[in-house]
Each structure stands twice: as structure tokens, then as C-alpha cells.
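Source file: start_24.pdb. Holds: PDB, C-alpha atoms.
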```
MODEL        1
ATOM      1  CA  MET K 152      -1.723  -0.444 -15.989  1.00  0.00           C
ATOM      2  CA  SER K 153      -3.172   2.972 -16.704  1.00  0.00           C
ATOM      3  CA  THR K 154      -2.095   6.160 -14.987  1.00  0.00           C
ATOM      4  CA  GLN K 155      -5.175   7.259 -12.969  1.00  0.00           C
ATOM      5  CA  HIS K 156      -3.372  10.362 -11.650  1.00  0.00           C
ATOM      6  CA  GLY K 157      -3.439  10.399  -7.861  1.00  0.00           C
ATOM      7  CA  SER K 158      -4.783   6.850  -7.501  1.00  0.00           C
ATOM      8  CA  HIS K 159      -3.078   3.844  -5.952  1.00  0.00           C
ATOM      9  CA  ILE K 160      -2.364   1.641  -8.967  1.00  0.00           C
ATOM     10  CA  TRP K 161      -0.063  -1.043  -7.533  1.00  0.00           C
ATOM     11  CA  TYR K 162       1.373  -2.507  -4.340  1.00  0.00           C
ATOM     12  CA  GLU K 163       4.805  -4.031  -3.858  1.00  0.00           C
ATOM     13  CA  LEU K 164       6.440  -6.082  -1.126  1.00  0.00           C
ATOM     14  CA  LEU K 165      10.178  -5.682  -0.603  1.00  0.00           C
ATOM     15  CA  THR K 166      11.376  -8.734   1.313  1.00  0.00           C
ATOM     16  CA  GLY K 167      14.456 -10.673   2.297  1.00  0.00           C
ATOM     17  CA  ASP K 168      12.863 -13.999   1.279  1.00  0.00           C
ATOM     18  CA  VAL K 169      10.819 -13.939  -1.919  1.00  0.00           C
ATOM     19  CA  ASP K 170       9.958 -17.653  -1.787  1.00  0.00           C
ATOM     20  CA  GLY K 171       8.968 -17.553   1.873  1.00  0.00           C
ATOM     21  CA  ALA K 172       6.901 -14.388   1.501  1.00  0.00           C
ATOM     22  CA  SER K 173       5.148 -15.730  -1.602  1.00  0.00           C
ATOM     23  CA  ALA K 174       4.189 -18.920   0.229  1.00  0.00           C
ATOM     24  CA  PHE K 175       2.948 -16.974   3.262  1.00  0.00           C
ATOM     25  CA  TYR K 176       0.681 -14.581   1.383  1.00  0.00           C
ATOM     26  CA  ARG K 177      -0.769 -17.385  -0.744  1.00  0.00           C
ATOM     27  CA  LYS K 178      -2.012 -18.956   2.488  1.00  0.00           C
ATOM     28  CA  VAL K 179      -3.321 -15.740   4.024  1.00  0.00           C
ATOM     29  CA  LEU K 180      -4.911 -14.019   1.018  1.00  0.00           C
ATOM     30  CA  PRO K 181      -6.887 -15.400  -1.948  1.00  0.00           C
ATOM     31  CA  TRP K 182      -3.837 -14.921  -4.165  1.00  0.00           C
ATOM     32  CA  THR K 183      -1.905 -16.904  -6.678  1.00  0.00           C
ATOM     33  CA  VAL K 184       1.733 -15.811  -6.922  1.00  0.00           C
ATOM     34  CA  ALA K 185       3.751 -16.481 -10.060  1.00  0.00           C
ATOM     35  CA  PRO K 186       6.987 -15.221 -11.661  1.00  0.00           C
ATOM     36  CA  ALA K 187       6.542 -12.160 -13.850  1.00  0.00           C
ATOM     37  CA  GLY K 188       9.153 -13.373 -16.319  1.00  0.00           C
ATOM     38  CA  MET K 189      11.210 -10.191 -16.059  1.00  0.00           C
ATOM     39  CA  PRO K 190      14.856 -10.499 -17.131  1.00  0.00           C
ATOM     40  CA  ASP K 191      17.563 -10.180 -14.476  1.00  0.00           C
ATOM     41  CA  ILE K 192      15.133  -9.914 -11.558  1.00  0.00           C
ATOM     42  CA  ASP K 193      13.031 -12.367  -9.562  1.00  0.00           C
ATOM     43  CA  TYR K 194       9.754 -10.476  -9.551  1.00  0.00           C
ATOM     44  CA  ARG K 195       6.531 -12.250  -8.578  1.00  0.00           C
ATOM     45  CA  ILE K 196       2.989 -11.122  -9.394  1.00  0.00           C
ATOM     46  CA  ALA K 197       0.148 -11.633  -6.907  1.00  0.00           C
ATOM     47  CA  THR K 198      -3.210 -12.143  -8.618  1.00  0.00           C
ATOM     48  CA  ALA K 199      -6.584 -12.184  -6.860  1.00  0.00           C
ATOM     49  CA  ALA K 200      -9.177 -14.899  -7.411  1.00  0.00           C
ATOM     50  CA  ASP K 201     -11.086 -12.670  -9.849  1.00  0.00           C
ATOM     51  CA  GLY K 202      -8.017 -12.466 -12.094  1.00  0.00           C
ATOM     52  CA  GLY K 203      -7.031  -8.928 -11.144  1.00  0.00           C
ATOM     53  CA  GLN K 204      -3.320  -8.320 -10.622  1.00  0.00           C
ATOM     54  CA  VAL K 205      -2.765  -6.636  -7.266  1.00  0.00           C
ATOM     55  CA  ALA K 206       0.854  -6.638  -6.162  1.00  0.00           C
ATOM     56  CA  GLY K 207       4.450  -7.515  -6.819  1.00  0.00           C
ATOM     57  CA  ILE K 208       6.927  -9.305  -4.573  1.00  0.00           C
ATOM     58  CA  MET K 209      10.657  -8.738  -4.968  1.00  0.00           C
ATOM     59  CA  ALA K 210      13.891  -9.071  -3.018  1.00  0.00           C
ATOM     60  CA  LEU K 211      15.372  -6.138  -1.175  1.00  0.00           C
ATOM     61  CA  THR K 212      18.382  -4.795  -3.044  1.00  0.00           C
ATOM     62  CA  PRO K 213      21.526  -3.643  -1.213  1.00  0.00           C
ATOM     63  CA  GLN K 214      20.417  -0.053  -1.838  1.00  0.00           C
ATOM     64  CA  MET K 215      17.040  -0.767  -0.232  1.00  0.00           C
ATOM     65  CA  GLY K 216      18.344  -2.966   2.568  1.00  0.00           C
ATOM     66  CA  GLU K 217      18.655  -0.204   5.129  1.00  0.00           C
ATOM     67  CA  ARG K 218      14.907   0.427   4.876  1.00  0.00           C
ATOM     68  CA  GLY K 219      14.115  -3.169   5.819  1.00  0.00           C
ATOM     69  CA  PRO K 220      11.237  -5.311   4.527  1.00  0.00           C
ATOM     70  CA  GLY K 221       7.932  -3.616   3.903  1.00  0.00           C
ATOM     71  CA  TRP K 222       5.001  -2.885   1.643  1.00  0.00           C
ATOM     72  CA  MET K 223       5.100   0.059  -0.754  1.00  0.00           C
ATOM     73  CA  GLY K 224       2.322   1.698  -2.725  1.00  0.00           C
ATOM     74  CA  TYR K 225       2.468   3.080  -6.255  1.00  0.00           C
ATOM     75  CA  ILE K 226       0.543   6.284  -6.963  1.00  0.00           C
ATOM     76  CA  GLY K 227      -0.214   7.023 -10.594  1.00  0.00           C
ATOM     77  CA  VAL K 228       0.940  10.317 -12.118  1.00  0.00           C
ATOM     78  CA  ASP K 229       0.651  11.899 -15.550  1.00  0.00           C
ATOM     79  CA  ASP K 230       4.387  12.685 -15.754  1.00  0.00           C
ATOM     80  CA  VAL K 231       6.894  10.950 -13.468  1.00  0.00           C
ATOM     81  CA  ASP K 232       9.734  13.420 -14.010  1.00  0.00           C
ATOM     82  CA  ALA K 233       7.549  16.453 -13.421  1.00  0.00           C
ATOM     83  CA  ALA K 234       5.934  14.886 -10.346  1.00  0.00           C
ATOM     84  CA  ALA K 235       9.329  13.970  -8.875  1.00  0.00           C
ATOM     85  CA  ALA K 236      10.519  17.549  -9.353  1.00  0.00           C
ATOM     86  CA  ARG K 237       7.360  18.920  -7.710  1.00  0.00           C
ATOM     87  CA  ILE K 238       7.738  16.518  -4.784  1.00  0.00           C
ATOM     88  CA  ALA K 239      11.312  17.692  -4.195  1.00  0.00           C
ATOM     89  CA  ALA K 240      10.266  21.341  -4.462  1.00  0.00           C
ATOM     90  CA  ALA K 241       7.453  20.751  -1.948  1.00  0.00           C
ATOM     91  CA  GLY K 242       9.856  19.460   0.715  1.00  0.00           C
ATOM     92  CA  GLY K 243       9.838  15.781  -0.200  1.00  0.00           C
ATOM     93  CA  SER K 244      12.748  13.830  -1.635  1.00  0.00           C
ATOM     94  CA  VAL K 245      13.580  11.591  -4.580  1.00  0.00           C
ATOM     95  CA  LEU K 246      15.018   8.315  -3.263  1.00  0.00           C
ATOM     96  CA  MET K 247      15.375   6.612  -6.657  1.00  0.00           C
ATOM     97  CA  PRO K 248      15.367   8.823  -9.766  1.00  0.00           C
ATOM     98  CA  PRO K 249      12.887   8.245 -12.585  1.00  0.00           C
ATOM     99  CA  ALA K 250      13.604   5.129 -14.639  1.00  0.00           C
ATOM    100  CA  ASP K 251      11.849   3.038 -17.255  1.00  0.00           C
ATOM    101  CA  ILE K 252      10.704  -0.564 -16.949  1.00  0.00           C
ATOM    102  CA  PRO K 253      10.264  -1.839 -20.523  1.00  0.00           C
ATOM    103  CA  GLU K 254       6.604  -2.500 -21.397  1.00  0.00           C
ATOM    104  CA  VAL K 255       5.564  -1.624 -17.829  1.00  0.00           C
ATOM    105  CA  GLY K 256       6.071   2.106 -17.380  1.00  0.00           C
ATOM    106  CA  ARG K 257       8.200   4.823 -15.837  1.00  0.00           C
ATOM    107  CA  PHE K 258       8.571   5.104 -12.074  1.00  0.00           C
ATOM    108  CA  ALA K 259      10.491   6.711  -9.222  1.00  0.00           C
ATOM    109  CA  MET K 260      10.745   6.105  -5.481  1.00  0.00           C
ATOM    110  CA  VAL K 261      10.056   9.265  -3.513  1.00  0.00           C
ATOM    111  CA  ALA K 262       9.268  10.379   0.024  1.00  0.00           C
ATOM    112  CA  ASP K 263       6.920  12.993   1.420  1.00  0.00           C
ATOM    113  CA  PRO K 264       8.209  15.856   3.630  1.00  0.00           C
ATOM    114  CA  GLN K 265       7.907  13.602   6.690  1.00  0.00           C
ATOM    115  CA  GLY K 266      10.239  11.033   5.072  1.00  0.00           C
ATOM    116  CA  ILE K 267       7.557   8.437   4.294  1.00  0.00           C
ATOM    117  CA  ALA K 268       8.411   6.553   1.100  1.00  0.00           C
ATOM    118  CA  PHE K 269       6.188   5.554  -1.808  1.00  0.00           C
ATOM    119  CA  TYR K 270       6.450   5.123  -5.567  1.00  0.00           C
ATOM    120  CA  ILE K 271       5.067   7.258  -8.375  1.00  0.00           C
ATOM    121  CA  MET K 272       4.411   5.701 -11.763  1.00  0.00           C
ATOM    122  CA  ARG K 273       3.184   6.367 -15.268  1.00  0.00           C
ATOM    123  CA  GLY K 274       1.968   3.061 -16.661  1.00  0.00           C
ATOM    124  CA  ALA K 275       2.712   2.041 -20.235  1.00  0.00           C
ATOM    125  CA  SER K 276      -0.654   0.332 -20.708  1.00  0.00           C
ATOM    126  CA  ASP K 277      -4.123   1.790 -21.189  1.00  0.00           C
ATOM    127  CA  ALA K 278      -5.620  -1.056 -19.146  1.00  0.00           C
ATOM    128  CA  MET K 279      -7.282   0.146 -15.950  1.00  0.00           C
ATOM    129  CA  SER K 280      -5.525  -0.879 -12.743  1.00  0.00           C
ATOM    130  CA  THR K 281      -7.786  -2.776 -10.335  1.00  0.00           C
ATOM    131  CA  ALA K 282      -5.151  -3.296  -7.637  1.00  0.00           C
ATOM    132  CA  PHE K 283      -7.112  -0.956  -5.360  1.00  0.00           C
ATOM    133  CA  ALA K 284     -10.839  -1.636  -5.338  1.00  0.00           C
ATOM    134  CA  TYR K 285     -12.112   1.549  -3.651  1.00  0.00           C
ATOM    135  CA  ASP K 286     -15.524   0.751  -2.121  1.00  0.00           C
ATOM    136  CA  LYS K 287     -16.004  -2.475  -4.055  1.00  0.00           C
ATOM    137  CA  PRO K 288     -15.558  -5.514  -1.746  1.00  0.00           C
ATOM    138  CA  ARG K 289     -13.125  -7.500  -3.907  1.00  0.00           C
ATOM    139  CA  PRO K 290     -11.269 -10.200  -1.938  1.00  0.00           C
ATOM    140  CA  GLY K 291      -7.536 -10.054  -2.480  1.00  0.00           C
ATOM    141  CA  HIS K 292      -7.524  -6.448  -3.658  1.00  0.00           C
ATOM    142  CA  GLY K 293      -6.354  -3.349  -1.835  1.00  0.00           C
ATOM    143  CA  ALA K 294      -9.220  -1.961   0.234  1.00  0.00           C
ATOM    144  CA  TRP K 295      -7.793   0.964   2.241  1.00  0.00           C
ATOM    145  CA  ASN K 296      -4.649   3.116   2.338  1.00  0.00           C
ATOM    146  CA  GLU K 297      -3.835   4.656   5.717  1.00  0.00           C
ATOM    147  CA  LEU K 298      -1.096   7.187   6.437  1.00  0.00           C
ATOM    148  CA  ALA K 299       0.138   7.692  10.005  1.00  0.00           C
ATOM    149  CA  THR K 300       2.314  10.791  10.152  1.00  0.00           C
ATOM    150  CA  PRO K 301       3.733  13.197  12.745  1.00  0.00           C
ATOM    151  CA  ASP K 302       2.340  16.154  10.752  1.00  0.00           C
ATOM    152  CA  LYS K 303      -1.176  15.326   9.651  1.00  0.00           C
ATOM    153  CA  ASP K 304      -2.057  18.758   8.311  1.00  0.00           C
ATOM    154  CA  GLY K 305       1.276  19.152   6.512  1.00  0.00           C
ATOM    155  CA  ALA K 306       0.936  15.720   4.929  1.00  0.00           C
ATOM    156  CA  ALA K 307      -2.631  16.416   3.815  1.00  0.00           C
ATOM    157  CA  ALA K 308      -1.521  19.664   2.179  1.00  0.00           C
ATOM    158  CA  PHE K 309       1.379  17.912   0.421  1.00  0.00           C
ATOM    159  CA  TYR K 310      -0.739  15.098  -1.043  1.00  0.00           C
ATOM    160  CA  ALA K 311      -3.444  17.571  -2.049  1.00  0.00           C
ATOM    161  CA  ASP K 312      -0.882  19.690  -3.893  1.00  0.00           C
ATOM    162  CA  ILE K 313       0.862  16.818  -5.689  1.00  0.00           C
ATOM    163  CA  PHE K 314      -2.039  14.440  -6.333  1.00  0.00           C
ATOM    164  CA  GLY K 315      -5.213  16.475  -5.932  1.00  0.00           C
ATOM    165  CA  TRP K 316      -6.466  14.589  -2.894  1.00  0.00           C
ATOM    166  CA  ALA K 317      -9.188  16.196  -0.778  1.00  0.00           C
ATOM    167  CA  LYS K 318     -10.504  15.604   2.715  1.00  0.00           C
ATOM    168  CA  ASP K 319     -13.919  13.941   2.746  1.00  0.00           C
ATOM    169  CA  GLY K 320     -15.053  13.825   6.352  1.00  0.00           C
ATOM    170  CA  GLU K 321     -13.424  12.796   9.596  1.00  0.00           C
ATOM    171  CA  MET K 322     -13.826  10.510  12.590  1.00  0.00           C
ATOM    172  CA  ASP K 323     -13.140  11.763  16.108  1.00  0.00           C
ATOM    173  CA  MET K 324     -10.497   9.634  17.839  1.00  0.00           C
ATOM    174  CA  GLY K 325     -10.470  11.544  21.119  1.00  0.00           C
ATOM    175  CA  ALA K 326      -6.996  12.414  22.371  1.00  0.00           C
ATOM    176  CA  ALA K 327      -5.507  11.030  19.142  1.00  0.00           C
ATOM    177  CA  GLY K 328      -7.237  13.758  17.120  1.00  0.00           C
ATOM    178  CA  THR K 329      -9.252  13.160  13.985  1.00  0.00           C
ATOM    179  CA  TYR K 330      -9.008  10.390  11.427  1.00  0.00           C
ATOM    180  CA  ASP K 331      -9.316  12.286   8.164  1.00  0.00           C
ATOM    181  CA  PHE K 332     -10.879  10.473   5.205  1.00  0.00           C
ATOM    182  CA  MET K 333      -9.247  11.279   1.862  1.00  0.00           C
ATOM    183  CA  ARG K 334     -10.638  11.156  -1.653  1.00  0.00           C
ATOM    184  CA  ASP K 335      -8.863  11.123  -5.013  1.00  0.00           C
ATOM    185  CA  GLY K 336     -10.363  11.589  -8.469  1.00  0.00           C
ATOM    186  CA  GLU K 337     -11.780   8.052  -8.469  1.00  0.00           C
ATOM    187  CA  GLY K 338     -13.256   7.798  -4.969  1.00  0.00           C
ATOM    188  CA  LEU K 339     -12.479   7.345  -1.278  1.00  0.00           C
ATOM    189  CA  LEU K 340      -8.883   6.110  -1.045  1.00  0.00           C
ATOM    190  CA  GLY K 341      -8.186   5.922   2.693  1.00  0.00           C
ATOM    191  CA  ALA K 342      -7.253   8.228   5.526  1.00  0.00           C
ATOM    192  CA  ILE K 343      -4.550  10.314   7.185  1.00  0.00           C
ATOM    193  CA  MET K 344      -4.059  10.220  10.945  1.00  0.00           C
ATOM    194  CA  ARG K 345      -1.573  11.501  13.487  1.00  0.00           C
ATOM    195  CA  GLN K 346       1.125   8.926  14.257  1.00  0.00           C
ATOM    196  CA  PRO K 347       0.205   7.245  17.573  1.00  0.00           C
ATOM    197  CA  PRO K 348       2.856   7.463  20.331  1.00  0.00           C
ATOM    198  CA  GLU K 349       3.152   3.665  20.450  1.00  0.00           C
ATOM    199  CA  MET K 350       3.856   3.441  16.702  1.00  0.00           C
ATOM    200  CA  PRO K 351       7.654   3.153  16.256  1.00  0.00           C
ATOM    201  CA  ALA K 352       7.804   4.910  12.890  1.00  0.00           C
ATOM    202  CA  PRO K 353       5.409   6.835  10.650  1.00  0.00           C
ATOM    203  CA  GLY K 354       4.319   5.214   7.424  1.00  0.00           C
ATOM    204  CA  TRP K 355       1.672   3.911   5.091  1.00  0.00           C
ATOM    205  CA  SER K 356      -0.454   0.917   6.065  1.00  0.00           C
ATOM    206  CA  TYR K 357      -2.071  -0.990   3.207  1.00  0.00           C
ATOM    207  CA  TYR K 358      -5.204  -3.048   3.903  1.00  0.00           C
ATOM    208  CA  PHE K 359      -6.047  -6.029   1.703  1.00  0.00           C
ATOM    209  CA  ARG K 360      -9.530  -7.541   1.739  1.00  0.00           C
ATOM    210  CA  VAL K 361     -10.109 -11.148   2.773  1.00  0.00           C
ATOM    211  CA  PRO K 362     -13.400 -13.088   2.577  1.00  0.00           C
ATOM    212  CA  ASP K 363     -13.135 -14.270   6.201  1.00  0.00           C
ATOM    213  CA  LEU K 364     -11.022 -12.281   8.657  1.00  0.00           C
ATOM    214  CA  ASP K 365     -11.009 -14.997  11.310  1.00  0.00           C
ATOM    215  CA  ALA K 366      -9.718 -17.582   8.845  1.00  0.00           C
ATOM    216  CA  ALA K 367      -7.082 -15.120   7.627  1.00  0.00           C
ATOM    217  CA  LYS K 368      -5.989 -14.370  11.208  1.00  0.00           C
ATOM    218  CA  THR K 369      -5.596 -18.091  11.857  1.00  0.00           C
ATOM    219  CA  ALA K 370      -3.547 -18.443   8.664  1.00  0.00           C
ATOM    220  CA  VAL K 371      -1.269 -15.559   9.669  1.00  0.00           C
ATOM    221  CA  GLU K 372      -0.529 -17.133  13.034  1.00  0.00           C
ATOM    222  CA  ALA K 373      -0.199 -20.686  11.677  1.00  0.00           C
ATOM    223  CA  ASN K 374       2.338 -19.701   9.029  1.00  0.00           C
ATOM    224  CA  GLY K 375       4.877 -17.706  10.989  1.00  0.00           C
ATOM    225  CA  GLY K 376       3.244 -14.279  11.052  1.00  0.00           C
ATOM    226  CA  LYS K 377       2.073 -12.335  14.080  1.00  0.00           C
ATOM    227  CA  VAL K 378      -1.104 -10.343  14.665  1.00  0.00           C
ATOM    228  CA  LEU K 379      -0.223  -7.065  16.381  1.00  0.00           C
ATOM    229  CA  HIS K 380      -3.694  -5.542  16.772  1.00  0.00           C
ATOM    230  CA  GLY K 381      -7.262  -6.718  16.320  1.00  0.00           C
ATOM    231  CA  PRO K 382      -9.665  -7.855  15.215  1.00  0.00           C
ATOM    232  CA  HIS K 383     -11.268  -4.415  15.626  1.00  0.00           C
ATOM    233  CA  GLU K 384     -14.580  -3.368  14.143  1.00  0.00           C
ATOM    234  CA  VAL K 385     -14.553  -0.347  11.830  1.00  0.00           C
ATOM    235  CA  PRO K 386     -17.417   1.769  10.463  1.00  0.00           C
ATOM    236  CA  GLY K 387     -19.440  -0.183   7.937  1.00  0.00           C
ATOM    237  CA  GLY K 388     -19.330  -3.476   9.823  1.00  0.00           C
ATOM    238  CA  ASP K 389     -15.970  -4.812   8.653  1.00  0.00           C
ATOM    239  CA  PHE K 390     -13.169  -5.859  10.969  1.00  0.00           C
ATOM    240  CA  ILE K 391      -9.433  -5.255  10.651  1.00  0.00           C
ATOM    241  CA  ILE K 392      -6.178  -6.706  11.892  1.00  0.00           C
ATOM    242  CA  ASN K 393      -2.662  -5.284  11.742  1.00  0.00           C
ATOM    243  CA  ALA K 394       0.023  -7.932  11.405  1.00  0.00           C
ATOM    244  CA  VAL K 395       3.638  -8.657  10.517  1.00  0.00           C
ATOM    245  CA  ASP K 396       4.740 -11.361   8.086  1.00  0.00           C
ATOM    246  CA  PRO K 397       7.528 -13.888   8.848  1.00  0.00           C
ATOM    247  CA  GLN K 398      10.109 -11.652   7.153  1.00  0.00           C
ATOM    248  CA  GLY K 399       9.171  -8.594   9.234  1.00  0.00           C
ATOM    249  CA  ALA K 400       6.950  -6.614   6.830  1.00  0.00           C
ATOM    250  CA  LEU K 401       3.883  -4.945   8.325  1.00  0.00           C
ATOM    251  CA  PHE K 402       0.548  -5.428   6.564  1.00  0.00           C
ATOM    252  CA  SER K 403      -3.149  -5.161   7.345  1.00  0.00           C
ATOM    253  CA  LEU K 404      -6.284  -7.098   6.460  1.00  0.00           C
ATOM    254  CA  VAL K 405      -9.961  -6.172   6.385  1.00  0.00           C
ATOM    255  CA  GLY K 406     -13.048  -8.341   6.052  1.00  0.00           C
ATOM    256  CA  GLY K 407     -16.099  -9.831   7.686  1.00  0.00           C
ATOM    257  CA  ARG K 408     -16.118 -12.314  10.562  1.00  0.00           C
ATOM    258  CA  THR K 409     -17.839 -15.659  10.902  1.00  0.00           C
ATOM    259  CA  ASP K 410     -16.961 -16.359  14.549  1.00  0.00           C
TER     260      ASP K 410
ENDMDL
END
```

Kindly transcribe the structure held in the file into C-alpha cells.
Amino acid sequence: MSTQHGSHIWYELLTGDVDGASAFYRKVLPWTVAPAGMPDIDYRIATAADGGQVAGIMALTPQMGERGPGWMGYIGVDDVDAAAARIAAAGGSVLMPPADIPEVGRFAMVADPQGIAFYIMRGASDAMSTAFAYDKPRPGHGAWNELATPDKDGAAAFYADIFGWAKDGEMDMGAAGTYDFMRDGEGLLGAIMRQPPEMPAPGWSYYFRVPDLDAAKTAVEANGGKVLHGPHEVPGGDFIINAVDPQGALFSLVGGRTD
């Protein structure tokens, strides 16, 4: 995948049950999930119906275990080592130092100043990543990236400094403050909001598009997952749900409704 500095270029699920998680997401999303063929690691690739590769699924390692299951995003950078150093200097932290994945790219796991983890990566390929579809309604692809943080302004300044993101409008949420839309060099990427009091921990929420939200909701509940919130309508006419998979990883879906 190509670099696309500041863009979300990949998603990854860290889970305690790779087989179980793979089976679950195949039933919820229009994905096929197959082994990547990587030596010494059981890494699965989730591919959307249009052939675009979207995400990876892998087992939690002992070093990652304390973080628990969850979805992580990869943000492309021009230089992983330089970006990691800048993140640390800006008050963030480097959780896993830069390392190479042969024929894939160089990456590091980092955290912003509020302790919210994500990956940075320089891809080895010139092929354009389509994992995140921006405003194109591509079922199975990433459709929205939402950060809930205790320091909205501080987080916005950090991501602007490191990745060049810029605010592009806002939505008034009353007592919860504003929901700030963010843009990278490619387009509208998502939003930053203040962490709600009822949210147990700050973090990124990644929304994947489904062709029928009601059918996806039914599939979540029929296959051991749980819907935590929604369906709720969002600007533009889509609906969203926030859910947890059978292994305990939070995820979100967006799409139209037929019911």
C-alpha cells in the first residue's frame, strides 16, 4: 500500500480468537477473510466484495495482551522513524519501535498525548490503499474515523502538527460540545469529539460501511456480538450502530436502512 501521508491506509483487529473473529466479521460485513501467508504469524486479510483489501486480523501477543482486544488504525507517513520521534517530542509515546515487515513496509505503534494508540506506517508498495473510502460509499471499506478524547483541542493540535490534519466544520452537540470534522490531504477523514462521560475510555472508533444496516445489526446479534448504541441517523441520511464483537472488540457500522 502507498504512503498517503496523514491518511488512514489500513485497519487491524487484535483479538484473542482469530478464527472466531474471522467467522464473525464474514457474517456481519461483506468480507472474505483469508490467511495472508506470512511466516511465523497467523495473519488474516479481510477483503471487500469489490476486491479492495481493508483490514488485517491477528492474535494478541503477550506484549499487547494488557491492552485487550480492539481495532487499530494505520496512518500513513513519509518516514516512520522521523514521525515516531516527532510524536514522542510532541508529548505522545512510542509503544512499539519502528520495525520492518518484509515486502509490506515499515511501521511503529504509537500513542497520542492522551494515551490513545494507533499505528504509523510507510508502505513498501506504490499501490494506492483503498482501505478507507472517504466519501465514496464502498461496502466493506472504512467509512469514518472518530476520535473521542478528554482533550479535544489538544488532540486536534497534535494530529494537525504530525499529520497535517485540519478542521473542516463542526456540529453542535449541546452540552457535549462540538463534533469537529477533520480533513487530511485526501479528503474528509472523520471527526474529533470530547469523550462522553459514559464512555469508559477514550479511543478511536472505526466505522465500516455495510449495504444494509438492519441486516448487519441482525447478524451482529445472531452471531454473538452486542449492539451498544443505535441505529442512529447521522447527517447525510445514513444510520450508525456501535457494537462489540464476541471477543470484546468495539467496532462501528454505517449504512442505509430498509426497515

Subject >> Atom pair atom CA of K:Arg345 / atom CA of K:Asp302: separation (Å) >> reply: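 Separation between atom CA of K:Arg345 and atom CA of K:Asp302: 6.7 Å.
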
**OP:** One decimal, Å: what's the distance from atom CA of K:His380 over to atom CA of K:Asn393, could you say?
**Re:**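 Answer for the atom CA of K:His380 to atom CA of K:Asn393 separation: 5.1 Å.
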
Original post:
If the PyMOL selection byres ((chain K and resi 408) around 8) is run on the structure shown, which residues does it catch, given as a PyMOL selection string?
Top reply: chain K and resi 363-365+389-390+406-407+409-410

Could the residues in this selection be written to a file with C-alpha atoms, as a tab-separated table (two decimals), in the frame of the given file?
```tsv
chain	number	residue	atom	x	y	z
K	363	ASP	CA	-13.14	-14.27	6.20
K	364	LEU	CA	-11.02	-12.28	8.66
K	365	ASP	CA	-11.01	-15.00	11.31
K	389	ASP	CA	-15.97	-4.81	8.65
K	390	PHE	CA	-13.17	-5.86	10.97
K	406	GLY	CA	-13.05	-8.34	6.05
K	407	GLY	CA	-16.10	-9.83	7.69
K	409	THR	CA	-17.84	-15.66	10.90
K	410	ASP	CA	-16.96	-16.36	14.55
```

**OP:** Provide the atom CA of K:Pro249 to atom CA of K:Lys303 distance in Å, to one decimal place.
**Re:** 27.2 Å

Enclose the full set of atoms of stretch 200-212 of chain K listed in the file within a box whose edges lie along x, y and z, apply 3 Å of padding to each of the six sides, and report centre and edge lengths in Å to one decimal as lines of an AutoDock Vina configuration file.
```
center_x = 3.6
center_y = -9.8
center_z = -6.6
size_x = 35.5
size_y = 16.1
size_z = 16.9
```

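The neighbours of K:Ser158 here are the residues that come within 7 Å of it, using all atoms listed in the file and leaving out any residue fewer than 2 positions away in the same chain; they are Gln155, His156, Ile160, Ile226, Gly227 and Asp335 of chain K.
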
Subject >> Selection: 7 Å around stretch 289-295 of chain K, all atoms listed in the file, excl. self and same-chain fewer than 2 positions, as a VMD selection string >> reply: chain K and resid 180 to 182 199 205 282 to 285 287 297 340 to 341 357 to 362

Original post:
Looking at only C-alpha atoms, which of K:Ala235, K:Met322, K:Val405, K:Met223 is the one that sits closest to K:Ala268?
Top reply: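 Checking each of K:Ala235, K:Met322, K:Val405, K:Met223 against K:Ala268, counting only C-alpha atoms, the winner is K:Met223.
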
**OP:** List the residues selected by the PyMOL selection byres ((chain K and resi 256) around 9) in the file shown, writing them as number ranges by chain.
**Re:** K: 152, 250-255, 257-258, 272-276

**OP:** Determine the nearest neighbour of K:Trp222 from the options K:Ala239, K:Leu404, K:Ala187, K:Leu165, counting all atoms listed in the file.
**Re:**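 Once distances to K:Trp222 are computed over all atoms listed in the file, the minimum belongs to K:Leu165.
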
Original post:
Which one is closest to K:Thr166: K:Ala308, K:Gly221, K:Asp191, K:Ala197? Count only C-alpha atoms.
Top reply: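 Of all the options, K:Gly221 lies closest to K:Thr166.
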
Original post:
So which one's closest to K:Gly336, K:Gly207, K:Gly315, K:Gly320, K:Gly188? Using all atoms listed in the file, please.
Top reply: K:Gly315

Original post:
With only C-alpha atoms as the atoms that count, which of K:Arg334, K:His159, K:His383, K:Lys318 lies nearest to K:Gly224?
Top reply: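 The closest residue to K:Gly224 is K:His159.
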
Original post:
When distances are computed from only C-alpha atoms, which of K:Pro397, K:Gly202, K:Pro351, K:Gly305 shows the smallest separation from K:Gly243?
Top reply: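 Of K:Pro397, K:Gly202, K:Pro351, K:Gly305, the one nearest K:Gly243, counting only C-alpha atoms, is K:Gly305.
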